[in-house]
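*Asks:* Right, I'll just put the structure down here and ask away after.
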There are 2 protein chains.
Amino acid sequence: MNIGIIGAGQLGRMMALSGYPLGLRFTLLDPNLDSSGAQVSDCIQGEYDDATALQMLAAKTDVITFDVENVPVEAVMPIAQLKPFYPPVNALAASQDRLVEKTLFRKLGIATPEFRAVDSLLDLQQAVKDIGVPGILKTRRLGYDGKGQYRLKNQRDIEAAWNALSSLGIALIYEAFVPFTREVSIIGARNIKGEIAIYPLTANVHQHGILHYSVAPYRHMSLQKLAETYLKRVMKHFNYVGVLTIEFFVLNGKLLANEMAPRVHNSGHWTIEGAETSQFENHIRAICGLPLGSTAARGYAGMLNFIGILPECELILKSPGVRFHHYGKEARPARKLGHATIVASSASKRDHALKKLLKYSLS
Amino acid sequence: MNIGIIGAGQLGRMMALSGYPLGLRFTLLDPNLDSSGAQVSDCIQGEYDDATALQMLAAKTDVITFDVENVPVEAVMPIAQLKPFYPPVNALAASQDRLVEKTLFRKLGIATPEFRAVDSLLDLQQAVKDIGVPGILKTRRLGYDGKGQYRLKNQRDIEAAWNALSSLGIALIYEAFVPFTREVSIIGARNIKGEIAIYPLTANVHQHGILHYSVAPYRHMSLQKLAETYLKRVMKHFNYVGVLTIEFFVLNGKLLANEMAPRVHNSGHWTIEGAETSQFENHIRAICGLPLGSTAARGYAGMLNFIGILPECELILKSPGVRFHHYGKEARPARKLGHATIVASSASKRDHALKKLLKYSLS
């Protein structure tokens, strides 16, 4: 069985590496033949919206998935009719627009921060009036890792925010700033038969809008249950196949959905060593119609991103119990270049080891 | 860093898969571009003794290793002078000849079964006279997985044995049959700096001359210590770099060395999930001059080979705690097609799970 992946970043790379032991083959599609994923797999060179390249991918493969969220929906529609395409295009489309996504969350009874569509300065003024400050003006589309955002601390910021983002010429959304006590994510897989397997909650710490480190399991029985309920609602809505992630703010013991990602997620990288089956393998199993693997945690995991700069490989490899993941990418500021994971027998041992690791992460 | 591997079988495949997370690249050399290793890596098409292909491999890579023991020593000599070549060619040469190998063991004070070189029927008659029966007449070279062997139960088998093997036209060796209570293997790595890391002993069960299953750790403090001493002697002798394996018979509480393999070994496949660092990763670390990873066991591991026939992937994936390794090879009788590993929290749980797994192995 040959699996096509649109995008050959580190997620595509880790998907391929997780699928090889199952005897599966991979063909990736990426503009860059030396990209992270292309280093470990066959790769067709092409832009994500290159119809000819996408047709080639469909012709070579039995099932198609993606490792980037910004795959143009219109471009993949034709191949999604040729070959099984998972996660479903509808879920991909919804995840690409913060307004559509949050409106859906609300429709499904999933709490979110307050938000308003913003298409004009007047809209923004009204939104700030309704929701108040602080708040964040965001592009509805193509934002990730904190890009395309402007934070409003008070009413006087309205014009500056409008000027900063309206020039991009794309629709905007204004969201209430949530003074959260914690950010968590729920990650689960649903396979073709409708079987579902959900990982324990992960607690995430961001820096400059990019995930810095995660710890898991974040044990909180009622939040776990609530997050699972929310995740299943979204899965059911889309007749979802593959791994799905929802990020939440925790506020006053409640979950507010921030966004969803119709794919494996950075906050789930700990599952490679820290869970019985990794998110990557479960995504692949799900889209291939295979039984899902156990999502049980093996211990107490911590995952640290290396952003913009990688530590000396030797330093990490010498650290007891630390597993290194180098993505084979060239260093660039704010670029995710690799990560390290530790799995310990207790939360305190994990935290101790993570603290030591943090010094190697200079971001 | 690009690592060249001569041979692209399942060992090369698993070496590449273990090295990718360290950001390393691989180029394999194999006659078959659809071989197990070539499915997950760049591969140059060529026979193992194709001088042009070997030169291409050397030109593309920074360090060279091999996944097959039968690499012709004369063919690799030239590239071993161009690029770092590990394990050392001397160790490779010794491992290819049972007489040289066993003579070396004796010289290093490592006990072996009784043996005699056999180059004529007369030699064989004398050998049987000296050592007695039962015994095994073997080809000195190119034997693996029980091929090229003839077992002598009594003196009357001498002529039949001679007729069966002398026709191959290669030198022979007669070895005493060892009524062993157990077969074990010791696997360790030595890196460029001379640092050594050794795994716990593995106990092995063969069927028709091919490894059927292994369990580890085989806990026996005095045998562990003895095996480590023997392994270090061989490593020191060759100024060894890479993973080295020695297989022993256990007889009356002593170790008799049967053979060595200058490479990762089938009996070490359990280390992928069952040890802190796999034998594959430690081999790669060793030859790249990186620090070796911990060889500590994570629990009680069992590894089962699938020979000639693979069970349905679904069946294995449904078995709790079982990890599947499919080599992507076409089924052929007596061919190693994959393996499964379980890691349990106790030896009895491991044995129970292994027993269940054994029914999927129809060899």
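Simple scheme: letters A, B, ... for chains in structure tokens order, numbers from 1 for residues in each chain, numbers from 1 for ligands in the order shown.
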Show me, as JSON, numbers by chain, the residues that have an atom within 10 Å of B:Leu172 when counting only C-alpha atoms, minus same-chain residues fewer than 2 positions from it.
*Replies:* {"B": [97, 98, 99, 116, 117, 118, 119, 120, 123, 124, 137, 138, 139, 140, 141, 148, 149, 162, 165, 166, 168, 169, 170, 174, 175]}
*Asks:* If we count only C-alpha atoms and set the cut-off at 10 Å, which residues sit around B:Pro84, ignoring sequence neighbours fewer than 5 positions away in its own chain? Please answer as a list in words.
*Replies:* Ala58, Thr61, Asp62, Val63, Ile64, Thr65, Ile79, Ile287 and Cys288 of chain B
*Asks:* Go ahead and save the residues from that selection, with C-alpha atoms, as a compact mmCIF listing (two decimals), in the first residue's frame.
*Replies:*
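What follows is the written file out00.txt:
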```txt
# COMPACT_ATOMS: atom_id res chain seq x y z
CA ALA B 58 32.17 6.04 -1.36
CA THR B 61 28.99 9.14 1.69
CA ASP B 62 31.04 10.09 4.75
CA VAL B 63 31.28 6.69 6.40
CA ILE B 64 30.53 3.19 5.11
CA THR B 65 29.12 0.10 6.81
CA ILE B 79 36.80 1.93 -0.61
CA ILE B 287 30.36 4.58 13.35
CA CYS B 288 29.53 8.31 13.33
```
*Asks:* Compile the residues of chain A that lie within 6 Å of chain B, evaluated using only C-alpha atoms, and express the compilation as a VMD selection string.
*Replies:* chain A and resid 21 to 23 325 to 328
*Asks:* Next, the residues of the selection above should be written as a PDB file, in the first residue's frame with N, CA, C and O atoms.
*Replies:*
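This went into selection_28.pdb:
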```pdb
ATOM      1  N   PRO A  21       7.571   0.603   9.417  1.00  0.00           N
ATOM      2  CA  PRO A  21       7.558  -0.707  10.090  1.00  0.00           C
ATOM      3  C   PRO A  21       6.292  -1.522   9.829  1.00  0.00           C
ATOM      4  O   PRO A  21       6.285  -2.720  10.072  1.00  0.00           O
ATOM      5  N   LEU A  22       5.245  -0.881   9.328  1.00  0.00           N
ATOM      6  CA  LEU A  22       4.040  -1.635   8.978  1.00  0.00           C
ATOM      7  C   LEU A  22       4.109  -2.142   7.537  1.00  0.00           C
ATOM      8  O   LEU A  22       3.141  -2.691   7.017  1.00  0.00           O
ATOM      9  N   GLY A  23       5.236  -1.909   6.879  1.00  0.00           N
ATOM     10  CA  GLY A  23       5.398  -2.400   5.511  1.00  0.00           C
ATOM     11  C   GLY A  23       4.773  -1.475   4.476  1.00  0.00           C
ATOM     12  O   GLY A  23       4.600  -1.867   3.325  1.00  0.00           O
ATOM     13  N   HIS A 325      15.091  14.178  17.994  1.00  0.00           N
ATOM     14  CA  HIS A 325      14.470  14.129  16.669  1.00  0.00           C
ATOM     15  C   HIS A 325      14.918  15.344  15.871  1.00  0.00           C
ATOM     16  O   HIS A 325      14.484  16.461  16.140  1.00  0.00           O
ATOM     17  N   HIS A 326      15.789  15.106  14.934  1.00  0.00           N
ATOM     18  CA  HIS A 326      16.395  16.139  14.084  1.00  0.00           C
ATOM     19  C   HIS A 326      15.659  16.067  12.758  1.00  0.00           C
ATOM     20  O   HIS A 326      15.565  15.001  12.163  1.00  0.00           O
ATOM     21  N   TYR A 327      15.107  17.203  12.310  1.00  0.00           N
ATOM     22  CA  TYR A 327      14.254  17.165  11.125  1.00  0.00           C
ATOM     23  C   TYR A 327      15.017  17.296   9.809  1.00  0.00           C
ATOM     24  O   TYR A 327      14.399  17.278   8.734  1.00  0.00           O
ATOM     25  N   GLY A 328      16.330  17.464   9.887  1.00  0.00           N
ATOM     26  CA  GLY A 328      17.106  17.583   8.648  1.00  0.00           C
ATOM     27  C   GLY A 328      16.882  18.905   7.926  1.00  0.00           C
ATOM     28  O   GLY A 328      17.111  18.993   6.720  1.00  0.00           O
TER      29      GLY A 328
END
```
*Asks:* Just list as an MDAnalysis selection string whatever in stretch 20-181 of chain B DSSP marks as strand (DSSP E).
*Replies:* chainID B and resid 25:30 42:45 63:66 115:118 135:139 149:152 172:176
*Asks:* What does the file look like for those residues with C-alpha atoms, as a CSV table (one decimal), in the first residue's frame?
*Replies:*
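Dumped to selection29.csv:
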```csv
chain,number,residue,atom,x,y,z
B,25,ARG,CA,21.1,10.6,5.6
B,26,PHE,CA,21.6,7.1,4.0
B,27,THR,CA,22.7,5.7,0.7
B,28,LEU,CA,22.5,2.0,0.3
B,29,LEU,CA,24.0,-0.3,-2.3
B,30,ASP,CA,22.0,-3.3,-3.5
B,42,ASP,CA,18.3,6.3,-1.5
B,43,CYS,CA,19.9,3.2,-3.1
B,44,ILE,CA,22.6,2.7,-5.7
B,45,GLN,CA,22.0,-0.4,-7.8
B,63,VAL,CA,31.3,6.7,6.4
B,64,ILE,CA,30.5,3.2,5.1
B,65,THR,CA,29.1,0.1,6.8
B,66,PHE,CA,27.3,-3.1,5.7
B,115,PHE,CA,36.8,-28.2,15.7
B,116,ARG,CA,39.1,-29.3,13.0
B,117,ALA,CA,39.8,-28.0,9.5
B,118,VAL,CA,38.6,-30.5,6.8
B,135,GLY,CA,29.4,-33.5,15.0
B,136,ILE,CA,28.6,-31.1,12.2
B,137,LEU,CA,30.5,-30.8,9.0
B,138,LYS,CA,30.2,-27.2,7.7
B,139,THR,CA,31.4,-25.0,4.9
B,149,GLN,CA,25.8,-28.0,7.1
B,150,TYR,CA,25.7,-31.7,7.5
B,151,ARG,CA,25.1,-33.4,10.8
B,152,LEU,CA,27.0,-36.6,11.5
B,172,LEU,CA,35.2,-27.3,5.4
B,173,ILE,CA,35.3,-27.5,9.1
B,174,TYR,CA,34.2,-30.3,11.4
B,175,GLU,CA,32.8,-29.2,14.8
B,176,ALA,CA,31.7,-31.1,17.8
```
*Asks:* Have a look at B:Met56, B:Leu251, B:Ala275, B:Leu108 and name the one nearest to B:Phe238; count only C-alpha atoms.
*Replies:*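 With only C-alpha atoms as the atom set, the closest residue is B:Leu108.
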*Asks:* Excluding A:Pro217 and any residue of its chain fewer than 5 positions from it, enumerate the residues within 7 Å of it, using only C-alpha atoms, and give them as a list in words.
*Replies:*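 After dropping sequence-adjacent residues, the list is Pro200, Leu201, Thr202, Ala297 and Tyr300 of chain A.
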*Asks:* Would you please work out which residue, of B:Ala93, B:Ala334, B:Ala38, B:Leu231, is nearest to B:Lys147 when using only C-alpha atoms?
*Replies:*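 The shortest atom-to-atom distance to B:Lys147 comes from B:Ala334.
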*Asks:* Of the candidates B:Arg106, B:Ala331, B:Asp351, B:Ile272, which one gets nearest to B:Gly302 if we count only C-alpha atoms?
*Replies:*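 Using only C-alpha atoms, the shortest distance to B:Gly302 belongs to B:Asp351.
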*Asks:* Could you pull out all residues of stretch 85-262 of chain A with a DSSP call of helix (DSSP H, G or I) and give them as a PyMOL selection string?
*Replies:* chain A and resi 89-95+98-107+121-131+155-166+221-238
*Asks:* What's around B:Gly12 at 7 Å? Count only C-alpha atoms, leave out sequence neighbours fewer than 5 positions away in its own chain, and write the answer as a VMD selection string.
*Replies:* chain B and resid 5 7 37 67
*Asks:* Since we have the selection now, will you write its residues out, keeping all heavy atoms, as a short mmCIF file (atom, residue, chain, number, x, y, z; two decimals), in the first residue's frame?
*Replies:*
```
data_model
loop_
_atom_site.label_atom_id
_atom_site.label_comp_id
_atom_site.auth_asym_id
_atom_site.auth_seq_id
_atom_site.Cartn_x
_atom_site.Cartn_y
_atom_site.Cartn_z
N ILE B 5 25.62 2.17 3.19
CA ILE B 5 25.43 0.80 3.68
C ILE B 5 25.49 -0.15 2.49
O ILE B 5 24.72 0.00 1.53
CB ILE B 5 24.09 0.63 4.42
CG1 ILE B 5 23.97 1.63 5.58
CG2 ILE B 5 23.95 -0.81 4.94
CD1 ILE B 5 22.65 1.53 6.35
N GLY B 7 24.46 -3.37 1.01
CA GLY B 7 23.36 -4.29 1.30
C GLY B 7 22.16 -3.51 1.80
O GLY B 7 22.29 -2.61 2.62
N GLY B 37 15.58 -2.38 2.25
CA GLY B 37 16.20 -1.11 2.63
C GLY B 37 15.99 -0.02 1.60
O GLY B 37 15.80 1.15 1.94
N ASP B 67 25.30 -4.33 5.74
CA ASP B 67 24.23 -5.06 6.44
C ASP B 67 24.29 -6.54 6.13
O ASP B 67 23.48 -7.30 6.63
CB ASP B 67 22.86 -4.45 6.15
CG ASP B 67 22.06 -5.14 5.06
OD1 ASP B 67 22.68 -5.64 4.10
OD2 ASP B 67 20.83 -5.16 5.15
#
```
